[in-house]
Amino acid sequence: MIGLILPSADFVAPKIEYNELMPLLVVFGAACVGVIAEAFLPRAWRHLVQLAITLVAIIVAGVLTGFLIADEKELVAALGAISVDGPALFTWLILLALTLVSVLLFAERSLDGGLSAFAGQAAAVPGSEAEREGTAARLEHTEIFPLTLFAVGGMMLFASANDLLVLFVALEVFSLPLYLLCGLARRRRLISQEAAMKYFLLGAFASAFLLFGIALLYGYAGTMSLGGIADALQTQTGGDAILLAGTGLIAVGLLFKVGAVPFHSWTPDVYQGAPTPVTGFMAACTKIAAFIGLMRVFYVALGGTRWDWAPMMWVVAILTMVVGSIVAITQTDVKRMLAYSSIAHAGFLLTAFVGLAQAGSGVTNGVTSTQAVLFYLVTYGFSTIGAFAVVTLVRDAGGEATHLSRWAGLGKKSPLLAGIFAFFLLSFAGIPLTAGFTGKWAVFSAAWTGGAWPLVVVAVLSSLIAAFFYVRVIVLMFFSDLPTDAPDVVLPGWQTTTAVALGLAATVILGLVPGPVLELAARAGEFIR
Amino acid sequence: MSHELTWLLVAIPAVSAAILLLGGKATNAWGHLLGTAASLAAFVCGVLLFVQMQGHHGEERSETVRLFEWFQVGSVKVDFTLLIDPLSILFVLLITGVGSLIHIYSIGYMEHDPRRRRFFAYLNLFVAAMLLLVLSADYLLVFVGWEGVGLASYLLIGFWQHKDSAAVAAKKAFVVNRVGDIGLSLAVMSMWALFGSSAFVSVNAGAESMSHTWATLVGLMLLLAACGKSAQVPLQSWLLDAMEGPTPVSALIHAATMVTAGVYLVVRSHAIFEQSEAASTAVVIVGTVTALAGAIIGTAKDDIKKALAGSTMSQIGYMMLAAGLGPAGYVFAIFHLITHGFFKANMFLGAGSVMHGMNDDVNMRHYGALRTPMKITFVTFAFGYLAILGIPPFSGFFSKDKIIEAAFADNLVIGLCTLLGAGITAFYMTRVMLMTFLGEKRWEKDVHPHESPKVMTVPLVILALLSLVGGVLALGGWLEHWLEPVVGAHEEHHPPLPIIVMTLITLAVVAVGIVIAVAKYRRDIPREAPAGSPLTVLARRDLYGDALNEAVLMRPGQYLTRTLVWLDNRGVDGLVNGLAALFGGLSGRLRRFQTGFVRSYALSMVFGAAFVVVALLAVRLS
């Protein structure tokens, strides 16, 4: 009789391409080192050591990614689970760069009386005696650094997942640290915790949709790999209902992360409640990872049915642009306004995504959708983190003064700060000579060549509406009188100064000489399977 | 060597202007000296170049100095190139020579003005721009100089900006000149379209093969430009008001140099005008009409500067006419331009000297019998007077008679008009002489006329001598020969009557003009202007030029702007505000969906998911 099938001696260890996966491994490894350091280091050392580990890990990973890009080696690694291709490497690079800037903001300790923007003792009940004691003892959670590393590692994995299961795992790896980070604000802790709770509940809800979609697709194709699904689309007949339902549910999960309407409701509440540096990090990096994941799944696995899902995506893109722009008009909080602005930007990115200007589809006289989206994400990411960094500097007794009325006359109090913020806003609005203009031009032209010209028309009209609320803030800052109880503009430490300077420099340079980065995005090529 | 001299010509006054403008009050003490020195230095450069040029012959006298590539756009490449040739060197000498004398004169004239340094800065700026205009080897670069002199003219007319009249006059000059400038810029664009370049070389080479229509169009565009800058009908109206500027400005810019730029442009573009009979004829007609109109306006003005301004218009009309006559007239146009530069600058400076002694009163009815207290001014003015009348052997005799002869040779009507113009010129200039220097005293109280200081009278004397001997340029056909490499061989003209008879007839007409003026203004000049005949009123009102402009252009323009403002307020603003209200309201509605409850967010996601799946199925099934 046949007994147990034991693992035989001829077990072959799977081949893992350590070289190509090294950036991921460095980030995850450093995150684990950070956790251990947190457990063993004396409290006084932790901030410095954790910051050093994080920065070194990010820089090393970035340099390694740079080498991989220079080598132009593209392959599907780890038994088909991870695809290290041009877009993935480019995404890794911008994710790491933006995380570097964000970590600088996380590390800022000179804005709030020598304390960071994060809660000293997250477990203490807001307003309690324990909280006051913690503040007096200058407690702080240095776990935010390993959490950030886990998050960015998850995002990198998400952007390069070549398998739906890996995709889902990566999604959870980067989402869970973010839920935590959102709830860690030092000021206004209740709204911060509310934001974390909402994000977690809705995120879990969306994950369920995604997972169900994955299951349906597995049921249709019998495989989790993106390439396998694409092959199944070619060969298989029947089972279309499962396929379409799976496609739809996966779309829901991914569009939730992107922040597209009608799955956007979490964005304003979470952006407003989260500590502002975290908001900047989420707004920039989550969007990047989610977009690349979305494009990878829909281009690589579901490209064969693009005529089925494209109309649905058109509607979502239009809704996203229009709702984001219109609702932003009546916002009275800077962070909420920027949240709706990020929704509108997601809509602009979706136009390029559904424009389907792909190398393979024969409509590529110009930028392809992938290149346009990659470039737009760079411009948008730097401007966004820069803008949120500026928000952390306008403070009064209650912490950040985020109500728009408090920003009146800021241009008279601090022309430099207001000028920088105005520049970021102009970039968001897509005014020429800023990075935002070049980015918009790239995505719109990709959409146009892909035949999605009605989307471009809607996008331009939405930009017009969006310009209103951006310019309104500029008018408020420069052409209103300074009230007597105006908030202070705090002099930042080197961390925030560097972050703002990097964001500003990127926004200026990408507006004036976009060539090199566009070139780099173009060299990234297309997704492979 | 000549390479450096050429660019130094433009650079020296430009740098001086920059120093004086940027240096501010620190340069107040010596600003006027630097300005004058810069102008003199440019003159020395000009003389050296002229002397060098004598060593060459014919075509070799032209030298192109390429300084650097200015810009390249697509296939159009424009070099910053200067051209020094027999035509431009004459202008250089006129601009820097007369310019230097006027700089010196201004030291005295502007002595008590607190902004004298600024005045000299503007004068230097003008000299630099004017030199660039005549030295450029490319129409686009000419345009730069063209705008530069326009700017300097604007700044100097409005120099006494505290006076409303001066500010308005400056604005008017600027606006009217813009109309002409459009002509030049259109011409440059057409050249790019036709020849792919606006360099003189390419345009001259391509002109022969250009179509007749294009030659006419480009010619008319250039004529429009010339009309604006040279105050020719129909763009003449600004020149009379421009007399609001300080008198040295009127002498330099609005008599001797800038206003002749139009004539320069037409002569320089002879290759184009020779391709189009229509364009040349238009030039002749414009010149003739202006020659008469200016003269008529000059007859009725009591303001000494305006009388001279009318005369300037008229004389430039003569030059324009000559330039329109083609190869028979180019040389005389330039010749008259130079002699006119001498005697008109002389008379304007003389008028300035008179004003200086009369507490800046310009009304000739308040003058009279000034010959005694202002002997030098009187004698030098008389030299200018005799020159403009064309009395031999003064310079005007040679230049103006040639134009009249050439006009007769071309067309009897034009000839008669120029002859009539000469008669009117004699009339109004005699009137100016009589009212200012002769007759009885009609001075205001507390006015004690006195001769001007040496720094003002010496330039007057020099210019008076030049007005006398300027005619030598034409001796033995020197000027014809000199300009031949630029404008081509001179064509002899054959007036219907022998030249000596023509000269006598002209002199007789001039004499008639003098006699009429003497009979009318010998004595009894009322201190208040009498009502006068309709003809006098017509002349006083500048032949209703301003009234015409106002009726045809200004009022319709105002109605148009009012209508547009109304439309903007009602239509555009209404639409925009309505849209804003619409989106604001929509935004207010939509944000209500953002309740803050996770349960409703989750519900919206469920609806969204349902929509997504249904949409996918609907697409597949449809």
# chains A, B, ... in the order shown; residues from 1 in each chain; ligands from 1
call {"tool": "interface_residues", "arguments": {"of": "chain B", "to": "chain A", "cutoff": "7 Å", "atoms": "only C-alpha atoms", "output": "list in words"}}
result
Phe583, Gly584, Ser587, Gly588, Leu590, Arg591, Gln594, Val598, Tyr601, Ala602, Ser604, Met605, Gly608, Ala609, Val612, Val613, Ala615, Leu616, Leu617, Val619 and Arg620 of chain B
call {"tool": "residues_around", "arguments": {"residues": "A:Ala88", "least_positions_apart": "6", "cutoff": "8 Å", "atoms": "only C-alpha atoms", "output": "list in words"}}
result
Met156, Ala159, Ser160, Ile292 and Phe527 of chain A
call {"tool": "closest_residue", "arguments": {"among": "A:Val270, A:Ala401, A:Ile59, A:Ala344", "to": "A:Val101", "atoms": "only C-alpha atoms"}}
result
A:Ile59
call {"tool": "residues_around", "arguments": {"residues": "stretch 103-110 of chain A", "least_positions_apart": "6", "cutoff": "6 Å", "atoms": "only C-alpha atoms", "output": "compact mmCIF listing (two decimals) with C-alpha atoms, in the first residue's frame"}}
result
# COMPACT_ATOMS: atom_id res chain seq x y z
CA SER A 116 7.52 64.60 17.52
CA PRO A 277 3.55 63.67 8.05
CA GLY A 493 14.44 71.89 12.08
CA GLN A 495 14.48 67.60 8.74
CA THR A 496 11.41 69.51 7.60
call {"tool": "residues_around", "arguments": {"residues": "B:Ala11", "least_positions_apart": "6", "cutoff": "10 Å", "atoms": "only C-alpha atoms", "output": "PyMOL selection string"}}
result
chain B and resi 5+17+38+42+128-129+131-132
call {"tool": "residues_around", "arguments": {"residues": "B:Ala489", "least_positions_apart": "6", "cutoff": "12 Å", "atoms": "only C-alpha atoms", "output": "number ranges by chain"}}
result
B: 58, 326-331, 477, 479-483
call {"tool": "decode", "arguments": {"residues": "stretch 154-180 of chain A", "atoms": "N, CA, C and O atoms", "output": "tab-separated table (two decimals), in the first residue's frame"}}
result
chain	number	residue	atom	x	y	z
A	154	GLY	N	6.07	46.74	1.84
A	154	GLY	CA	4.82	46.18	1.31
A	154	GLY	C	4.42	46.87	0.02
A	154	GLY	O	3.98	46.23	-0.94
A	155	MET	N	4.60	48.18	-0.02
A	155	MET	CA	4.24	48.90	-1.24
A	155	MET	C	5.11	48.46	-2.42
A	155	MET	O	4.62	48.27	-3.54
A	156	MET	N	6.42	48.29	-2.13
A	156	MET	CA	7.31	47.86	-3.20
A	156	MET	C	6.91	46.49	-3.71
A	156	MET	O	6.87	46.24	-4.93
A	157	LEU	N	6.58	45.60	-2.78
A	157	LEU	CA	6.16	44.26	-3.17
A	157	LEU	C	4.86	44.33	-3.97
A	157	LEU	O	4.69	43.65	-4.98
A	158	PHE	N	3.95	45.20	-3.51
A	158	PHE	CA	2.65	45.34	-4.16
A	158	PHE	C	2.83	45.77	-5.62
A	158	PHE	O	2.16	45.29	-6.52
A	159	ALA	N	3.77	46.71	-5.81
A	159	ALA	CA	3.96	47.24	-7.17
A	159	ALA	C	4.60	46.22	-8.09
A	159	ALA	O	4.58	46.39	-9.29
A	160	SER	N	5.21	45.18	-7.51
A	160	SER	CA	5.89	44.24	-8.38
A	160	SER	C	5.28	42.83	-8.29
A	160	SER	O	5.84	41.89	-8.83
A	161	ALA	N	4.13	42.73	-7.62
A	161	ALA	CA	3.52	41.40	-7.45
A	161	ALA	C	3.06	40.86	-8.79
A	161	ALA	O	2.31	41.50	-9.51
A	162	ASN	N	3.51	39.64	-9.10
A	162	ASN	CA	3.14	39.03	-10.37
A	162	ASN	C	2.15	37.90	-10.13
A	162	ASN	O	1.91	37.07	-10.99
A	163	ASP	N	1.57	37.90	-8.95
A	163	ASP	CA	0.72	36.80	-8.54
A	163	ASP	C	-0.33	37.40	-7.63
A	163	ASP	O	-0.02	38.21	-6.76
A	164	LEU	N	-1.57	37.02	-7.81
A	164	LEU	CA	-2.64	37.69	-7.07
A	164	LEU	C	-2.50	37.47	-5.57
A	164	LEU	O	-2.84	38.35	-4.77
A	165	LEU	N	-1.99	36.32	-5.18
A	165	LEU	CA	-1.86	36.07	-3.75
A	165	LEU	C	-0.78	36.94	-3.14
A	165	LEU	O	-0.96	37.52	-2.06
A	166	VAL	N	0.34	37.07	-3.86
A	166	VAL	CA	1.40	37.97	-3.40
A	166	VAL	C	0.84	39.39	-3.31
A	166	VAL	O	1.13	40.15	-2.39
A	167	LEU	N	0.04	39.72	-4.30
A	167	LEU	CA	-0.56	41.05	-4.33
A	167	LEU	C	-1.36	41.29	-3.05
A	167	LEU	O	-1.24	42.33	-2.40
A	168	PHE	N	-2.15	40.30	-2.70
A	168	PHE	CA	-3.00	40.48	-1.52
A	168	PHE	C	-2.15	40.57	-0.25
A	168	PHE	O	-2.37	41.43	0.60
A	169	VAL	N	-1.15	39.69	-0.14
A	169	VAL	CA	-0.28	39.73	1.04
A	169	VAL	C	0.40	41.09	1.14
A	169	VAL	O	0.45	41.72	2.20
A	170	ALA	N	0.92	41.56	0.01
A	170	ALA	CA	1.61	42.85	0.01
A	170	ALA	C	0.66	43.95	0.45
A	170	ALA	O	1.04	44.86	1.21
A	171	LEU	N	-0.58	43.87	-0.04
A	171	LEU	CA	-1.56	44.89	0.32
A	171	LEU	C	-1.73	44.97	1.83
A	171	LEU	O	-1.72	46.05	2.43
A	172	GLU	N	-1.81	43.80	2.44
A	172	GLU	CA	-1.99	43.79	3.90
A	172	GLU	C	-0.72	44.24	4.60
A	172	GLU	O	-0.77	44.93	5.61
A	173	VAL	N	0.43	43.86	4.05
A	173	VAL	CA	1.70	44.25	4.68
A	173	VAL	C	1.83	45.77	4.71
A	173	VAL	O	2.33	46.33	5.68
A	174	PHE	N	1.41	46.43	3.67
A	174	PHE	CA	1.58	47.88	3.75
A	174	PHE	C	0.38	48.57	4.40
A	174	PHE	O	0.52	49.67	4.91
A	175	SER	N	-0.78	47.93	4.41
A	175	SER	CA	-1.94	48.58	4.99
A	175	SER	C	-1.91	48.57	6.51
A	175	SER	O	-2.18	49.59	7.15
A	176	LEU	N	-1.54	47.44	7.10
A	176	LEU	CA	-1.61	47.34	8.56
A	176	LEU	C	-0.74	48.39	9.25
A	176	LEU	O	-1.22	49.07	10.17
A	177	PRO	N	0.53	48.57	8.86
A	177	PRO	CA	1.31	49.64	9.51
A	177	PRO	C	0.66	51.02	9.32
A	177	PRO	O	0.71	51.86	10.23
A	178	LEU	N	0.04	51.23	8.17
A	178	LEU	CA	-0.57	52.54	7.92
A	178	LEU	C	-1.75	52.77	8.87
A	178	LEU	O	-1.94	53.88	9.37
A	179	TYR	N	-2.56	51.70	9.10
A	179	TYR	CA	-3.68	51.87	10.04
A	179	TYR	C	-3.15	52.36	11.38
A	179	TYR	O	-3.70	53.27	12.00
A	180	LEU	N	-2.04	51.73	11.80
A	180	LEU	CA	-1.46	52.10	13.09
A	180	LEU	C	-0.96	53.54	13.07
A	180	LEU	O	-1.24	54.33	13.97
